[in-house]
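Here the structure comes first, spelled out in structure tokens, and everything after it is commentary.
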Amino acid sequence: MARALINVPAKAKRGDIIEIKALISHPMETGYRTGPDGALVPRDIINRFICTYNGEEIFSADLFPAIAANPFLSFTTTATESGRIAFRWIDDRGQAYLETAEIAVE
Amino acid sequence: MPQALTRRTLLKTAVVGAAAAAFSRRTAAQASSKVVVVGGGFGGATCARELQRAGFAISLVEANAVYTACPFSNAVIAGLRPIEAQQLKLDAVEKGGIAVVRQRATRVDPQARRVILADGSSLDYDRLVLSPGIDIRFDALPGYDEAAAAIMPHAWKAGEQTILLRRQLEAMDDGGIFVMAAPANPFRCPPGPYERASLVAHYLKTHKPRSKLLILDAKDSFSKQRLFQAAWQDLYPGMIEWVSLSSGGKVIEVDAKANTLVTDFGRHKGDVVNVIPPQRAGEIAQVAGVADRTGWCPIDPVTFESRLQPGIHVIGDASIAGGMPKSAFSANAQGKACAAAVAGLLRGKAPAEPKLINTCYSLVAPDYGISVAGVYTPRNGLLADVEGAGGTSPVNAPPSFRAQEAVYAEAWFQTISREVYG
């Protein structure tokens, strides 16, 4: 099933701009393709991504069928305090995939 | 889906390929036509010889006294073959009457139809054929410049780099880690990184069995993947780890001092690190204005004439040949087709649509060969795969079949070397 990779710096100085990367293995089936039997393959994509920093949303995105398989997102935020950065991907079946990372801010 | 390759389909297509290279008899008018070929590799040397046979006066510009062939150079790295077996010379080509100009072409003036050489002299042409191969893009992967290549060899242009990687592998302790970065498409020799991994694994298994091999890949799939992976499972279980793009395999930075490759999600230190970096058409193609923003050269699939500069033809790895992979076999086939087209154009004849063949053999072990073959023809402005022709080696084949393909591979190399340089 879906497998996620994340990259959050383990340490940062307060006020630093940090880069965050998140990749999830997902087929991102568009719903427009036909299978070997000629029938449409049902749409199955990650349609929502949310990243929170100690519970507060810092980045989110709506994804659509034009996004390629295995979506890779990269964004930046300001390191404010030590704590937990959480990642949530939601697919068309309503299933959510969760990942978290800890960051130490000095 | 391509069907399994049989000797019959290969022979059938070989006849078509040979027919495309046939010429009519020489005419008086062409004696005054000048053709310059730049690059003495498999593509350029083939094209020069074919044009000479068709009766044209040919100058072949090649700076290197010795050409070190890439096919089979992975066997040199694995210690299965001396580098001398890869070294080819243009002596016989020269003796045959082609004017070999042992210099570097530095500039092309497409308006004046002139090639300028390193010593300032120049050659005029009616038609120019560029077969410059590849250049390593030292600007594409942060940290990977020429100095880094002396620490982490690419060995993707055969020669000193091949020997350097061989020495590093020999010096590595048992239990060491060999890390390879494989590039995104397109690049020279699509199955090459995986053949190299296989033969390095063969060396490690026989000499340093506690060692491991890690491939960090900028792709999610590769040439002959099923065959390679089945063979790895069979011959080198647990030894080779392949990390695909979607598993975070893309190398985004190189730290040569730390012998470390950096991906989006981690750092990988190796005892020996082999970086196969992004590439582009050889420099003269960039200078001549025949390369586009991709770094490669768009061409007409019938004549191989550049889409950017009339009168200049581009063959081999440097060209954008649609479905045709960047291989010595392709360059050889394109050299023949291009020669036929150039001869036709200089005689005022419409060139015939070529059919081209490629076969890529890879060694997984010294006695274990696999292959992929394809036939290509112009369609919608590109060289497209002919459906139903060619194919790959069967997935389930007995060891005798693999051993036979290893013999075919060596025979192919001997044949092409003799045809082009003998």
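By convention here, the chains of the structure tokens are called A, B, ... in the order presented, each chain's residues are numbered starting at 1, and ligands are numbered starting at 1 in the order presented.
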What are the closest atom pairs, with distances in Å to one decimal, for all residues of chain B lying within 8 Å of chain A? Consider only C-alpha atoms, order rows by chain and residue number, and present the result as a tab-separated table.
residue	atom	partner	partner_atom	distance
B:Ser246	CA	A:Asn70	CA	6.0
B:Ser247	CA	A:Ser25	CA	7.5
B:Gly248	CA	A:Leu5	CA	7.3
B:Asp264	CA	A:Asn7	CA	7.1
B:Phe265	CA	A:Asn7	CA	5.4
B:Gly266	CA	A:Asn7	CA	7.9
Write out, as a CSV table (one decimal), in the first residue's frame, the residues just selected, with C-alpha atoms.
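Result file follows (out-v8.csv):
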chain,number,residue,atom,x,y,z
B,246,SER,CA,9.5,6.9,-6.0
B,247,SER,CA,11.4,5.2,-3.2
B,248,GLY,CA,13.6,8.3,-2.9
B,264,ASP,CA,15.8,14.1,-1.1
B,265,PHE,CA,15.4,11.8,1.8
B,266,GLY,CA,18.9,10.7,2.9
Mind listing the strand (DSSP E) residues of stretch 98-246 of chain B, per DSSP on the backbone, as a ChimeraX atom specification? /B:99-101,105-109,114-117,122-124,127-130,134-136,177-182,212-217,240-243
Selected residues, C-alpha atoms, written as a tab-separated table (two decimals), in the first residue's frame, please.
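Writing the result to part-v8.tsv gives the following:
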chain	number	residue	atom	x	y	z
B	99	ALA	CA	41.38	11.73	-44.90
B	100	VAL	CA	41.57	11.36	-41.12
B	101	VAL	CA	42.13	14.79	-39.58
B	105	ALA	CA	36.67	20.54	-34.34
B	106	THR	CA	36.09	23.73	-32.38
B	107	ARG	CA	33.50	25.61	-34.40
B	108	VAL	CA	31.08	25.28	-37.29
B	109	ASP	CA	30.04	28.11	-39.61
B	114	ARG	CA	32.84	25.31	-42.89
B	115	VAL	CA	34.27	23.42	-39.90
B	116	ILE	CA	37.00	25.23	-37.96
B	117	LEU	CA	39.66	23.11	-36.27
B	122	SER	CA	39.24	24.79	-41.63
B	123	LEU	CA	37.42	22.28	-43.80
B	124	ASP	CA	34.67	23.26	-46.25
B	127	ARG	CA	27.22	18.18	-46.14
B	128	LEU	CA	28.46	17.82	-42.57
B	129	VAL	CA	27.81	14.77	-40.39
B	130	LEU	CA	28.26	15.21	-36.64
B	134	ILE	CA	27.96	12.56	-25.34
B	135	ASP	CA	29.38	15.07	-22.94
B	136	ILE	CA	28.96	14.79	-19.20
B	177	ILE	CA	29.69	-0.72	-0.20
B	178	PHE	CA	29.63	0.19	-3.89
B	179	VAL	CA	27.11	2.99	-4.47
B	180	MET	CA	25.93	3.97	-7.95
B	181	ALA	CA	23.83	6.94	-9.04
B	182	ALA	CA	21.81	6.16	-12.19
B	212	LYS	CA	27.07	-4.81	-1.07
B	213	LEU	CA	25.92	-2.75	-4.00
B	214	LEU	CA	23.41	0.10	-3.80
B	215	ILE	CA	21.84	1.67	-6.90
B	216	LEU	CA	20.20	5.06	-6.38
B	217	ASP	CA	18.04	5.67	-9.42
B	240	ILE	CA	22.16	-5.58	-4.99
B	241	GLU	CA	19.68	-3.06	-3.62
B	242	TRP	CA	17.88	-0.88	-6.18
B	243	VAL	CA	16.19	2.29	-4.91
Residues within 10 Å of A:Phe87, please, as a VMD selection string. Count only C-alpha atoms; anything in the same chain fewer than 4 positions from it doesn't count. chain A and resid 4 6 22 49 to 53 57 59 to 60 96 to 101
Long-range neighbours of B:Gly311 as a VMD selection string, 12 Å cut-off, only C-alpha atoms, 6 positions minimum in chain: chain B and resid 34 to 36 108 to 114 124 to 130 288 290 299 to 300 303 to 305 341 to 342 345 to 346
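Of the listed residues (B:Leu261, B:Ala373, B:Val407, B:Ala318), B:Ala373 comes nearest to B:Val386; the distances count only C-alpha atoms.
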For B:Pro193, please output as a PDB file with N, CA and C atoms, in the first residue's frame all residues within 12 Å (counting only C-alpha atoms; exclusion window: fewer than 6 positions along the same chain).
ATOM      1  N   PRO B  71      30.916  -0.145 -25.343  1.00  0.00           N
ATOM      2  CA  PRO B  71      30.322  -1.475 -25.164  1.00  0.00           C
ATOM      3  C   PRO B  71      31.367  -2.453 -24.608  1.00  0.00           C
ATOM      4  N   SER B  73      32.865  -2.171 -21.823  1.00  0.00           N
ATOM      5  CA  SER B  73      33.794  -1.558 -20.869  1.00  0.00           C
ATOM      6  C   SER B  73      33.378  -1.869 -19.427  1.00  0.00           C
ATOM      7  N   ASN B  74      32.115  -2.235 -19.214  1.00  0.00           N
ATOM      8  CA  ASN B  74      31.722  -2.667 -17.861  1.00  0.00           C
ATOM      9  C   ASN B  74      32.471  -3.939 -17.457  1.00  0.00           C
ATOM     10  N   HIS B 154      32.667   8.614 -13.227  1.00  0.00           N
ATOM     11  CA  HIS B 154      31.428   8.288 -13.947  1.00  0.00           C
ATOM     12  C   HIS B 154      31.669   7.048 -14.806  1.00  0.00           C
ATOM     13  N   ALA B 155      32.881   6.966 -15.383  1.00  0.00           N
ATOM     14  CA  ALA B 155      33.220   5.849 -16.277  1.00  0.00           C
ATOM     15  C   ALA B 155      32.142   5.664 -17.348  1.00  0.00           C
ATOM     16  N   TRP B 156      31.572   6.786 -17.812  1.00  0.00           N
ATOM     17  CA  TRP B 156      30.534   6.699 -18.841  1.00  0.00           C
ATOM     18  C   TRP B 156      31.062   7.129 -20.202  1.00  0.00           C
ATOM     19  N   VAL B 179      28.340   2.229  -4.255  1.00  0.00           N
ATOM     20  CA  VAL B 179      27.107   2.989  -4.475  1.00  0.00           C
ATOM     21  C   VAL B 179      27.136   3.583  -5.874  1.00  0.00           C
ATOM     22  N   MET B 180      26.032   3.426  -6.592  1.00  0.00           N
ATOM     23  CA  MET B 180      25.932   3.965  -7.950  1.00  0.00           C
ATOM     24  C   MET B 180      24.748   4.915  -8.046  1.00  0.00           C
ATOM     25  N   ALA B 181      24.947   6.043  -8.712  1.00  0.00           N
ATOM     26  CA  ALA B 181      23.834   6.936  -9.041  1.00  0.00           C
ATOM     27  C   ALA B 181      23.496   6.731 -10.506  1.00  0.00           C
ATOM     28  N   ALA B 182      22.247   6.355 -10.802  1.00  0.00           N
ATOM     29  CA  ALA B 182      21.812   6.160 -12.190  1.00  0.00           C
ATOM     30  C   ALA B 182      20.940   7.344 -12.606  1.00  0.00           C
ATOM     31  N   PRO B 183      21.120   7.821 -13.857  1.00  0.00           N
ATOM     32  CA  PRO B 183      20.438   9.058 -14.266  1.00  0.00           C
ATOM     33  C   PRO B 183      19.019   8.829 -14.785  1.00  0.00           C
ATOM     34  N   ALA B 184      18.301   9.953 -14.937  1.00  0.00           N
ATOM     35  CA  ALA B 184      16.992   9.929 -15.599  1.00  0.00           C
ATOM     36  C   ALA B 184      17.222   9.792 -17.106  1.00  0.00           C
ATOM     37  N   PHE B 187      19.811   8.904 -21.709  1.00  0.00           N
ATOM     38  CA  PHE B 187      21.256   8.860 -21.487  1.00  0.00           C
ATOM     39  C   PHE B 187      21.855   7.749 -22.340  1.00  0.00           C
ATOM     40  N   LEU B 199      27.876  -6.865 -13.251  1.00  0.00           N
ATOM     41  CA  LEU B 199      29.257  -7.339 -13.359  1.00  0.00           C
ATOM     42  C   LEU B 199      30.086  -6.957 -12.135  1.00  0.00           C
ATOM     43  N   VAL B 200      29.781  -5.812 -11.540  1.00  0.00           N
ATOM     44  CA  VAL B 200      30.443  -5.457 -10.275  1.00  0.00           C
ATOM     45  C   VAL B 200      30.036  -6.482  -9.209  1.00  0.00           C
ATOM     46  N   LEU B 214      24.628  -0.699  -3.920  1.00  0.00           N
ATOM     47  CA  LEU B 214      23.409   0.101  -3.802  1.00  0.00           C
ATOM     48  C   LEU B 214      23.262   0.954  -5.066  1.00  0.00           C
ATOM     49  N   ILE B 215      22.105   0.837  -5.719  1.00  0.00           N
ATOM     50  CA  ILE B 215      21.837   1.672  -6.897  1.00  0.00           C
ATOM     51  C   ILE B 215      20.780   2.702  -6.525  1.00  0.00           C
ATOM     52  N   LEU B 216      21.154   3.977  -6.614  1.00  0.00           N
ATOM     53  CA  LEU B 216      20.200   5.063  -6.375  1.00  0.00           C
ATOM     54  C   LEU B 216      19.767   5.565  -7.740  1.00  0.00           C
ATOM     55  N   ASP B 217      18.477   5.435  -8.049  1.00  0.00           N
ATOM     56  CA  ASP B 217      18.036   5.674  -9.421  1.00  0.00           C
ATOM     57  C   ASP B 217      17.075   6.858  -9.517  1.00  0.00           C
ATOM     58  N   ALA B 218      17.241   7.639 -10.571  1.00  0.00           N
ATOM     59  CA  ALA B 218      16.324   8.754 -10.843  1.00  0.00           C
ATOM     60  C   ALA B 218      15.138   8.302 -11.687  1.00  0.00           C
ATOM     61  N   LYS B 219      14.961   6.987 -11.839  1.00  0.00           N
ATOM     62  CA  LYS B 219      13.866   6.427 -12.639  1.00  0.00           C
ATOM     63  C   LYS B 219      13.088   5.387 -11.819  1.00  0.00           C
ATOM     64  N   PHE B 222      13.527   0.565 -15.757  1.00  0.00           N
ATOM     65  CA  PHE B 222      14.712   0.620 -16.614  1.00  0.00           C
ATOM     66  C   PHE B 222      14.708  -0.513 -17.622  1.00  0.00           C
ATOM     67  N   SER B 223      15.604  -0.411 -18.587  1.00  0.00           N
ATOM     68  CA  SER B 223      15.715  -1.354 -19.695  1.00  0.00           C
ATOM     69  C   SER B 223      15.967  -2.782 -19.195  1.00  0.00           C
ATOM     70  N   LYS B 224      15.225  -3.738 -19.751  1.00  0.00           N
ATOM     71  CA  LYS B 224      15.380  -5.156 -19.411  1.00  0.00           C
ATOM     72  C   LYS B 224      15.252  -5.411 -17.910  1.00  0.00           C
ATOM     73  N   GLN B 225      14.421  -4.588 -17.254  1.00  0.00           N
ATOM     74  CA  GLN B 225      14.335  -4.625 -15.789  1.00  0.00           C
ATOM     75  C   GLN B 225      13.983  -6.015 -15.244  1.00  0.00           C
ATOM     76  N   PHE B 228      16.969  -8.343 -15.622  1.00  0.00           N
ATOM     77  CA  PHE B 228      18.044  -8.016 -14.685  1.00  0.00           C
ATOM     78  C   PHE B 228      17.664  -8.444 -13.270  1.00  0.00           C
ATOM     79  N   TRP B 242      18.240  -1.920  -5.212  1.00  0.00           N
ATOM     80  CA  TRP B 242      17.878  -0.885  -6.180  1.00  0.00           C
ATOM     81  C   TRP B 242      16.826   0.021  -5.561  1.00  0.00           C
ATOM     82  N   ASN B 274      30.124   5.522  -7.759  1.00  0.00           N
ATOM     83  CA  ASN B 274      30.100   5.672  -9.209  1.00  0.00           C
ATOM     84  C   ASN B 274      28.889   6.533  -9.564  1.00  0.00           C
ATOM     85  N   VAL B 275      29.173   7.738 -10.061  1.00  0.00           N
ATOM     86  CA  VAL B 275      28.082   8.653 -10.423  1.00  0.00           C
ATOM     87  C   VAL B 275      27.916   8.647 -11.941  1.00  0.00           C
ATOM     88  N   ILE B 276      26.772   8.169 -12.400  1.00  0.00           N
ATOM     89  CA  ILE B 276      26.478   8.256 -13.835  1.00  0.00           C
ATOM     90  C   ILE B 276      25.591   9.486 -13.987  1.00  0.00           C
ATOM     91  N   PRO B 277      26.183  10.600 -14.370  1.00  0.00           N
ATOM     92  CA  PRO B 277      25.472  11.877 -14.287  1.00  0.00           C
ATOM     93  C   PRO B 277      24.632  12.159 -15.539  1.00  0.00           C
ATOM     94  N   SER B 362      23.461  -7.277 -22.924  1.00  0.00           N
ATOM     95  CA  SER B 362      24.051  -6.982 -21.618  1.00  0.00           C
ATOM     96  C   SER B 362      24.522  -8.278 -21.005  1.00  0.00           C
ATOM     97  N   LEU B 363      25.661  -8.180 -20.319  1.00  0.00           N
ATOM     98  CA  LEU B 363      26.151  -9.331 -19.564  1.00  0.00           C
ATOM     99  C   LEU B 363      25.727  -9.166 -18.114  1.00  0.00           C
ATOM    100  N   VAL B 364      25.139 -10.206 -17.556  1.00  0.00           N
ATOM    101  CA  VAL B 364      24.791 -10.207 -16.139  1.00  0.00           C
ATOM    102  C   VAL B 364      25.889 -10.939 -15.366  1.00  0.00           C
TER     103      VAL B 364
END
For atom CA of B:Ile77 and atom CA of B:Ile163, the interatomic separation in Å (one decimal): 6.9 Å
Contacts of B:Cys360 at 8 Å or less, counting only C-alpha atoms, minus same-chain residues fewer than 6 places along, as an NGL selection string? :B and (191 or 327 or 329 or 371-373)
Residue selection dump (C-alpha atoms) as a short mmCIF file (atom, residue, chain, number, x, y, z; two decimals), in the first residue's frame:
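Final output, again-v4.cif:
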data_model
loop_
_atom_site.label_atom_id
_atom_site.label_comp_id
_atom_site.auth_asym_id
_atom_site.auth_seq_id
_atom_site.Cartn_x
_atom_site.Cartn_y
_atom_site.Cartn_z
CA PRO B 191 20.82 -0.94 -19.84
CA SER B 327 23.88 2.61 -28.34
CA PHE B 329 24.53 -0.62 -32.54
CA SER B 371 19.33 -8.79 -25.04
CA VAL B 372 16.71 -6.41 -26.33
CA ALA B 373 16.18 -5.77 -30.01
#
